[in-house]
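S.K.: Pasting a structure here, questions to come.
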Amino acid sequence: MKNYRDYEQFGISRYMYELSESLIPALQQVFSDIDEIANRRQLKVLKAFQNSYLCEAELHGSSGYGYNDSGREKLEEAFAEALEAEAAFLRFQFASGSQVLYQMLRALLRSGDELIVATGTVYDSLQPGMRALSDQGITLKYIDLKLGDHTGSLCQRAELDLETIVRSLSPSTKAVYVQKSRGYSLRPSLLSEDIKILRETLDAAGFTVPILVDNCYGEFVEKHEPTYYGADLIAGSLIKNPGGGIAPSGGYIAGKKELVELVAEQITAPGIGREIGPSLGFSRDLGLGLYLAPQIVANALKTGAHLSALFTELGYNVEPLASGRRGDIVQIIELGESSKLEAFAKAIQLAAPIDHHFTPIPSEMPGYDCDIIMASGSFTQGSSIELSADGPLRPPFTAFFQGSFNFPAGRLAALLAGDAVRAVGGQ
């Protein structure tokens with residue numbers, strides 16, 4: 001109990017603190033496994049920076065067209081190596097992961113082409129982009145995952161339906177798209193190793209079409225990225241994992257060099273590609289964020305494991321379990337009631353370093369079919385890697401938790417949420 005007063009000042013009950021304390025010893029092996037991956041990935045990131053020969057003087061940036069921006073070019077080299085890719089296109093001007101993903105698909109697909117979406121319906125905010133592709137004459141084939149081992153509404157196992165994917169291949173198929181994380185679906189994230197099986201299956205069927213992976217929330221979580229196992233392109237947001245909480249905006253695309261160049265030309269102009277794009281002094285923030293990312297991600301994973309263990313003890317269904325394998329930083333808690341979801345989000349907000357005095361309320365958000373409640377007292381708006389929780393106001397009223405920068409703050413958020421949900425339940 002020697003540290004209880006540290007938490008008591010935030011209004012944490014003695015019961016919740018003691019429950020958390022009882023769980024910490026059993027989590028040590030989980031934490032150790034997370035640290036092992038983080039340490040290996042950290043050294044790889046360091047080596048990637050050294051191999052790029054990036055200099056401090058090159059971080060001051062460029063203006064205008066951004067021609068001959070050696071700092072931007074070397075940072076892209078380091079980013080590509082850190083994510084086990086041949087090349088990378090990195091720009092702070094990207095506003096969201098959805099923007100990056102849509103541009104990637106537009107670059108590779110033309111009218112008459114076919115895209116196989118191997119993980120079923122995409123997350124809400126990308127669905128308008130998919131409809132836009134369909135309007136452009138691109139055929140979309142959605143293939144649901146094979147799901148199993150349910151606890152409540154949450155699925156504890158998900159696999160690519162390889163047989164159906166192979167049957168769906170045709171001469172018009174130009175790419176296979178995989179959403180590694182879950183969006184607001186109740187299934188687990190896929191693992192990078194699943195991409196290896198998909199690549200081997202496609203090759204055996206005689207189709208060498210590109211595998212495109214939405215890698216949001218997944219960077220630096222596992223020993224290797226999907227590119228290591230055969231993904232041709234991966235894409236994501238820099239205000240999530242790979243920006244390390246430092247990047248103020250931006251997104252990336254990484255993978256096979258010729259495909260990265262093709263996407264870059266879609267975003268800038270044919271014949272120009274990666275040659276332009278002023279960094280305006282943001283190379284320092286993007287580089288520092290990447291350098292810190294493996295350790296920041298490790299803290300987010302530890303926070304998620306602790307939250308999972310705590311709410312399992314409180315009687316709620318969770319995914320993944322505290323000791324389960326993770327392909328992203330997202331932790332799901334099935335709360336069952338709208339009042340509990342709202343209480344959960346409000347409690348997470350109370351643990352934030354800024355805006356903690358604001359109260360999240362359900363509201364409309366572009367791209368979603370119901371009200372969303374979102375807690376995010378972040379230094380960067382929408383930076384899920386910092387500390388955030390959100391969820392759609394629809395059954396089974398599930399909280400999606402991400403972050404945080406450090407375990408003490410993440411643990412505090414979990415304890416506040418536990419007390420808040422227990423109060424709603426009259427416990």
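Quick note on naming: the chains in the structure tokens go A, B, ... in the order shown, residues restart at 1 in each chain, and ligands are numbered from 1 in order of appearance.
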Would you pick out the contacts of Leu393 of chain A at 9 Å or less, using only C-alpha atoms, so that residues sharing its chain but fewer than 6 positions from it are not included, and give the list as a list in words?

M.R.: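 Counting only C-alpha atoms, the residues come to Ser338, Leu341, Glu342, Pro362, Cys370, Asp371, Ile372 and Ile373 of chain A.
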
S.K.: Hey, which of A:Lys2, A:Asp390, A:Ala352, A:Tyr102 ends up closest to Arg14 of chain A? Count only C-alpha atoms.

M.R.: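 Under the stated criterion, the closest residue is A:Lys2.
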
S.K.: Which of these, A:Gly403, A:Gly255, A:Gly327, A:Pro294, has the shortest distance to Glu36 of chain A once you count only C-alpha atoms?

M.R.: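 Under the stated criterion, the closest residue is A:Pro294.
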
S.K.: Looking at only C-alpha atoms, which of A:Pro270, A:Pro408, A:Pro248, A:Gly336 is the one that sits closest to Val424 of chain A?

M.R.: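 Ranking A:Pro270, A:Pro408, A:Pro248, A:Gly336 by distance to Val424 of chain A, first place goes to A:Gly336.
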
S.K.: What's around segment 167-173 of chain A at 12 Å? Count only C-alpha atoms, leave out sequence neighbours fewer than 3 positions away in its own chain, and write the answer as JSON, numbers by chain.

M.R.: {"A": [108, 109, 110, 111, 112, 113, 114, 115, 116, 117, 118, 138, 139, 140, 141, 142, 143, 161, 162, 163, 164, 176, 177, 201, 202, 203, 205, 206, 207, 208, 209, 210, 211]}

S.K.: Taking C-alpha atoms for each residue, export the selection above as a PDB file, in the first residue's frame.

M.R.:
ATOM      1  CA  LEU A 108      -2.786   1.142 -58.063  1.00  0.00           C
ATOM      2  CA  LEU A 109      -6.320   0.628 -59.397  1.00  0.00           C
ATOM      3  CA  ARG A 110      -8.038   1.652 -62.617  1.00  0.00           C
ATOM      4  CA  SER A 111     -11.534   1.261 -64.061  1.00  0.00           C
ATOM      5  CA  GLY A 112     -12.148  -2.417 -64.812  1.00  0.00           C
ATOM      6  CA  ASP A 113      -9.744  -3.608 -62.116  1.00  0.00           C
ATOM      7  CA  GLU A 114     -10.758  -5.744 -59.181  1.00  0.00           C
ATOM      8  CA  LEU A 115      -9.712  -5.369 -55.551  1.00  0.00           C
ATOM      9  CA  ILE A 116     -10.131  -8.208 -53.067  1.00  0.00           C
ATOM     10  CA  VAL A 117     -10.664  -6.918 -49.548  1.00  0.00           C
ATOM     11  CA  ALA A 118      -9.575  -9.960 -47.554  1.00  0.00           C
ATOM     12  CA  ILE A 138     -13.351  -0.660 -59.735  1.00  0.00           C
ATOM     13  CA  THR A 139     -14.901  -3.937 -58.563  1.00  0.00           C
ATOM     14  CA  LEU A 140     -14.625  -4.608 -54.830  1.00  0.00           C
ATOM     15  CA  LYS A 141     -14.907  -8.153 -53.490  1.00  0.00           C
ATOM     16  CA  TYR A 142     -15.279  -8.299 -49.711  1.00  0.00           C
ATOM     17  CA  ILE A 143     -14.295 -11.593 -48.096  1.00  0.00           C
ATOM     18  CA  ASP A 161     -10.392 -17.214 -45.455  1.00  0.00           C
ATOM     19  CA  LEU A 162      -7.691 -18.384 -47.825  1.00  0.00           C
ATOM     20  CA  GLU A 163      -9.868 -20.826 -49.776  1.00  0.00           C
ATOM     21  CA  THR A 164     -12.455 -18.163 -50.596  1.00  0.00           C
ATOM     22  CA  VAL A 176      -5.454  -7.888 -52.228  1.00  0.00           C
ATOM     23  CA  TYR A 177      -6.159  -5.499 -49.367  1.00  0.00           C
ATOM     24  CA  THR A 201      -1.160 -18.924 -50.825  1.00  0.00           C
ATOM     25  CA  LEU A 202      -1.327 -16.332 -53.604  1.00  0.00           C
ATOM     26  CA  ASP A 203       2.014 -17.432 -55.045  1.00  0.00           C
ATOM     27  CA  ALA A 205      -2.214 -20.097 -56.921  1.00  0.00           C
ATOM     28  CA  GLY A 206      -0.093 -18.341 -59.553  1.00  0.00           C
ATOM     29  CA  PHE A 207      -1.142 -14.802 -58.617  1.00  0.00           C
ATOM     30  CA  THR A 208       1.656 -12.386 -57.803  1.00  0.00           C
ATOM     31  CA  VAL A 209      -0.679  -9.445 -57.235  1.00  0.00           C
ATOM     32  CA  PRO A 210       0.381  -6.899 -54.605  1.00  0.00           C
ATOM     33  CA  ILE A 211      -0.712  -7.301 -50.989  1.00  0.00           C
TER      34      ILE A 211
END

S.K.: Name all residues at most 9 Å from Arg284 of chain A (count only C-alpha atoms; drop same-chain ones fewer than 6 positions away) and give them as a list in words.

M.R.: Glu56, Glu58, Leu59, His60, Gly61, Gly71 and Ala247 of chain A

S.K.: In terms of the shortest atom-to-atom distance over only C-alpha atoms, which of A:Thr398, A:Gln103, A:Gln127, A:Ser96 is closest to Asp369 of chain A?

M.R.: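 Using only C-alpha atoms, Asp369 of chain A sits closest to A:Gln127.
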
S.K.: Could you give me the residues within segment 219-399 of chain A that DSSP places in strand (DSSP E or B), as a ChimeraX atom specification?

M.R.: /A:233-237,251-255,317-319,331-334,363,372-375,387-392,398-399

S.K.: Output the selection as a compact mmCIF listing (two decimals), in the first residue's frame - N, CA and C atoms for each residue.

M.R.:
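Final output, saved to selection34.txt:
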# COMPACT_ATOMS: atom_id res chain seq x y z
N LEU A 233 2.99 -3.29 -49.94
CA LEU A 233 2.87 -1.94 -49.43
C LEU A 233 2.17 -1.96 -48.08
N ILE A 234 2.64 -1.13 -47.17
CA ILE A 234 1.94 -0.89 -45.92
C ILE A 234 1.76 0.62 -45.80
N ALA A 235 0.73 1.03 -45.09
CA ALA A 235 0.46 2.46 -44.96
C ALA A 235 -0.18 2.73 -43.61
N GLY A 236 0.01 3.97 -43.14
CA GLY A 236 -0.57 4.32 -41.85
C GLY A 236 -0.39 5.79 -41.53
N SER A 237 -0.77 6.13 -40.30
CA SER A 237 -0.73 7.51 -39.82
C SER A 237 0.47 7.73 -38.92
N GLY A 251 1.49 11.05 -42.58
CA GLY A 251 1.26 9.65 -42.87
C GLY A 251 2.40 9.10 -43.71
N TYR A 252 2.37 7.80 -43.95
CA TYR A 252 3.45 7.16 -44.68
C TYR A 252 2.92 6.03 -45.54
N ILE A 253 3.70 5.70 -46.55
CA ILE A 253 3.52 4.50 -47.36
C ILE A 253 4.90 3.89 -47.51
N ALA A 254 5.02 2.59 -47.29
CA ALA A 254 6.32 1.93 -47.37
C ALA A 254 6.16 0.56 -48.02
N GLY A 255 7.21 0.12 -48.71
CA GLY A 255 7.16 -1.19 -49.33
C GLY A 255 8.06 -1.28 -50.54
N ASN A 317 -15.99 -8.89 -20.61
CA ASN A 317 -15.31 -9.54 -21.71
C ASN A 317 -14.32 -8.58 -22.35
N VAL A 318 -13.14 -9.08 -22.66
CA VAL A 318 -12.08 -8.25 -23.24
C VAL A 318 -11.46 -8.96 -24.43
N GLU A 319 -10.80 -8.18 -25.27
CA GLU A 319 -10.01 -8.74 -26.37
C GLU A 319 -8.92 -7.75 -26.71
N GLN A 331 -7.05 -2.10 -27.27
CA GLN A 331 -7.63 -2.99 -26.28
C GLN A 331 -9.14 -2.78 -26.26
N ILE A 332 -9.89 -3.87 -26.38
CA ILE A 332 -11.35 -3.80 -26.41
C ILE A 332 -11.94 -4.24 -25.07
N ILE A 333 -12.91 -3.47 -24.58
CA ILE A 333 -13.67 -3.83 -23.38
C ILE A 333 -15.15 -3.80 -23.74
N GLU A 334 -15.83 -4.92 -23.60
CA GLU A 334 -17.27 -4.97 -23.88
C GLU A 334 -18.01 -4.58 -22.61
N SER A 363 -21.28 12.30 -29.92
CA SER A 363 -21.58 13.25 -30.98
C SER A 363 -21.35 12.61 -32.35
N ILE A 372 -20.48 8.88 -31.67
CA ILE A 372 -19.23 8.33 -31.13
C ILE A 372 -18.88 9.13 -29.87
N ILE A 373 -18.43 8.43 -28.85
CA ILE A 373 -17.87 9.13 -27.70
C ILE A 373 -16.36 8.92 -27.71
N MET A 374 -15.63 9.98 -27.49
CA MET A 374 -14.17 9.90 -27.62
C MET A 374 -13.48 10.69 -26.51
N ALA A 375 -12.60 10.01 -25.81
CA ALA A 375 -11.76 10.65 -24.80
C ALA A 375 -10.35 10.76 -25.36
N LEU A 387 -3.02 8.74 -25.25
CA LEU A 387 -3.96 8.11 -24.31
C LEU A 387 -5.34 8.44 -24.83
N SER A 388 -6.08 7.44 -25.26
CA SER A 388 -7.40 7.71 -25.81
C SER A 388 -8.30 6.50 -25.64
N ALA A 389 -9.58 6.76 -25.66
CA ALA A 389 -10.59 5.72 -25.65
C ALA A 389 -11.80 6.24 -26.39
N ASP A 390 -12.40 5.40 -27.18
CA ASP A 390 -13.57 5.82 -27.94
C ASP A 390 -14.44 4.61 -28.21
N GLY A 391 -15.62 4.87 -28.69
CA GLY A 391 -16.51 3.78 -29.02
C GLY A 391 -17.81 4.28 -29.59
N PRO A 392 -18.44 3.47 -30.45
CA PRO A 392 -19.73 3.85 -31.04
C PRO A 392 -20.86 3.58 -30.04
N THR A 398 -19.07 -1.06 -26.77
CA THR A 398 -17.69 -1.50 -26.59
C THR A 398 -16.73 -0.31 -26.58
N ALA A 399 -15.81 -0.31 -25.64
CA ALA A 399 -14.76 0.71 -25.57
C ALA A 399 -13.52 0.22 -26.30

S.K.: For Asn406 of chain A, which residue out of A:His356, A:His306, A:Ala300, A:Ser52 is the nearest one, using only C-alpha atoms?

M.R.: A:Ala300

S.K.: A:Phe92, A:Val45, A:Gln136, A:Leu212: which is nearest Lys174 of chain A, counting only C-alpha atoms?

M.R.: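 Going through A:Phe92, A:Val45, A:Gln136, A:Leu212 one by one, the smallest distance to Lys174 of chain A is for A:Leu212.
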
S.K.: Near Asp33 of chain A, within 12 Å and counting only C-alpha atoms, which residues show up once chain neighbours fewer than 2 positions away are dropped, as a list in words?

M.R.: Leu27, Gln28, Gln29, Val30, Phe31, Asp35, Glu36, Ile37, Ala38, Asn39, Arg40, Val221, Glu222, Lys223, Ala298, Leu301, Lys302, Ala305, Ser323, Gly324, Arg325 and Arg326 of chain A

S.K.: Quick one, how far is atom CA of Gly152 of chain A from atom CA of Gly120 of chain A?

M.R.: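 Distance reported for this atom pair: 20.8 Å.
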
S.K.: Write out as a list in words the residues lying within 9 Å of Lys146 of chain A, counting only C-alpha atoms and excluding same-chain residues fewer than 3 positions away.

M.R.: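 After dropping sequence-adjacent residues, the list is Arg157, Ala158, Glu159, Leu160 and Asp161 of chain A.
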
S.K.: Going by DSSP on the backbone, which residues of segment 180-221 of chain A come out as helix (DSSP H, G or I)? List them as a VMD selection string.

M.R.: chain A and resid 192 to 204

S.K.: Can you write just those residues out, N, CA and C atoms, as a CSV table (one decimal), in the first residue's frame?

M.R.:
chain,number,residue,atom,x,y,z
A,192,SER,N,1.3,-10.0,-38.2
A,192,SER,CA,2.1,-9.9,-39.4
A,192,SER,C,2.3,-11.2,-40.0
A,193,GLU,N,2.4,-12.3,-39.2
A,193,GLU,CA,2.7,-13.6,-39.8
A,193,GLU,C,1.5,-14.1,-40.7
A,194,ASP,N,0.3,-13.6,-40.5
A,194,ASP,CA,-0.8,-13.9,-41.4
A,194,ASP,C,-0.5,-13.5,-42.8
A,195,ILE,N,0.2,-12.4,-43.0
A,195,ILE,CA,0.6,-12.0,-44.3
A,195,ILE,C,1.5,-13.0,-45.0
A,196,LYS,N,2.3,-13.6,-44.3
A,196,LYS,CA,3.2,-14.6,-44.9
A,196,LYS,C,2.4,-15.8,-45.5
A,197,ILE,N,1.4,-16.2,-44.7
A,197,ILE,CA,0.5,-17.3,-45.2
A,197,ILE,C,-0.3,-16.8,-46.4
A,198,LEU,N,-0.7,-15.6,-46.4
A,198,LEU,CA,-1.5,-15.1,-47.6
A,198,LEU,C,-0.6,-15.0,-48.8
A,199,ARG,N,0.7,-14.5,-48.6
A,199,ARG,CA,1.6,-14.4,-49.7
A,199,ARG,C,1.9,-15.8,-50.3
A,200,GLU,N,2.2,-16.7,-49.5
A,200,GLU,CA,2.4,-18.1,-49.9
A,200,GLU,C,1.2,-18.7,-50.7
A,201,THR,N,0.1,-18.4,-50.2
A,201,THR,CA,-1.2,-18.9,-50.8
A,201,THR,C,-1.4,-18.3,-52.2
A,202,LEU,N,-1.2,-17.0,-52.3
A,202,LEU,CA,-1.3,-16.3,-53.6
A,202,LEU,C,-0.3,-16.8,-54.6
A,203,ASP,N,0.9,-17.0,-54.2
A,203,ASP,CA,2.0,-17.4,-55.0
A,203,ASP,C,1.7,-18.8,-55.5
A,204,ALA,N,1.2,-19.7,-54.6
A,204,ALA,CA,0.9,-21.1,-55.0
A,204,ALA,C,-0.2,-21.1,-56.0

S.K.: How many Å lie between atom CA of Gly64 of chain A and atom CA of Leu286 of chain A, rounded to one decimal?

M.R.: 19.1 Å

S.K.: Mind checking which residues fall within 8 Å of Ala293 of chain A, counting only C-alpha atoms, ignoring those fewer than 4 positions away in the same chain, and posting them as number ranges by chain?

M.R.: A: 220, 241-245, 289, 297

S.K.: What separation in Å, quoted to one decimal, exists between atom CA of Cys55 of chain A and atom CA of Tyr67 of chain A?

M.R.: 17.6 Å
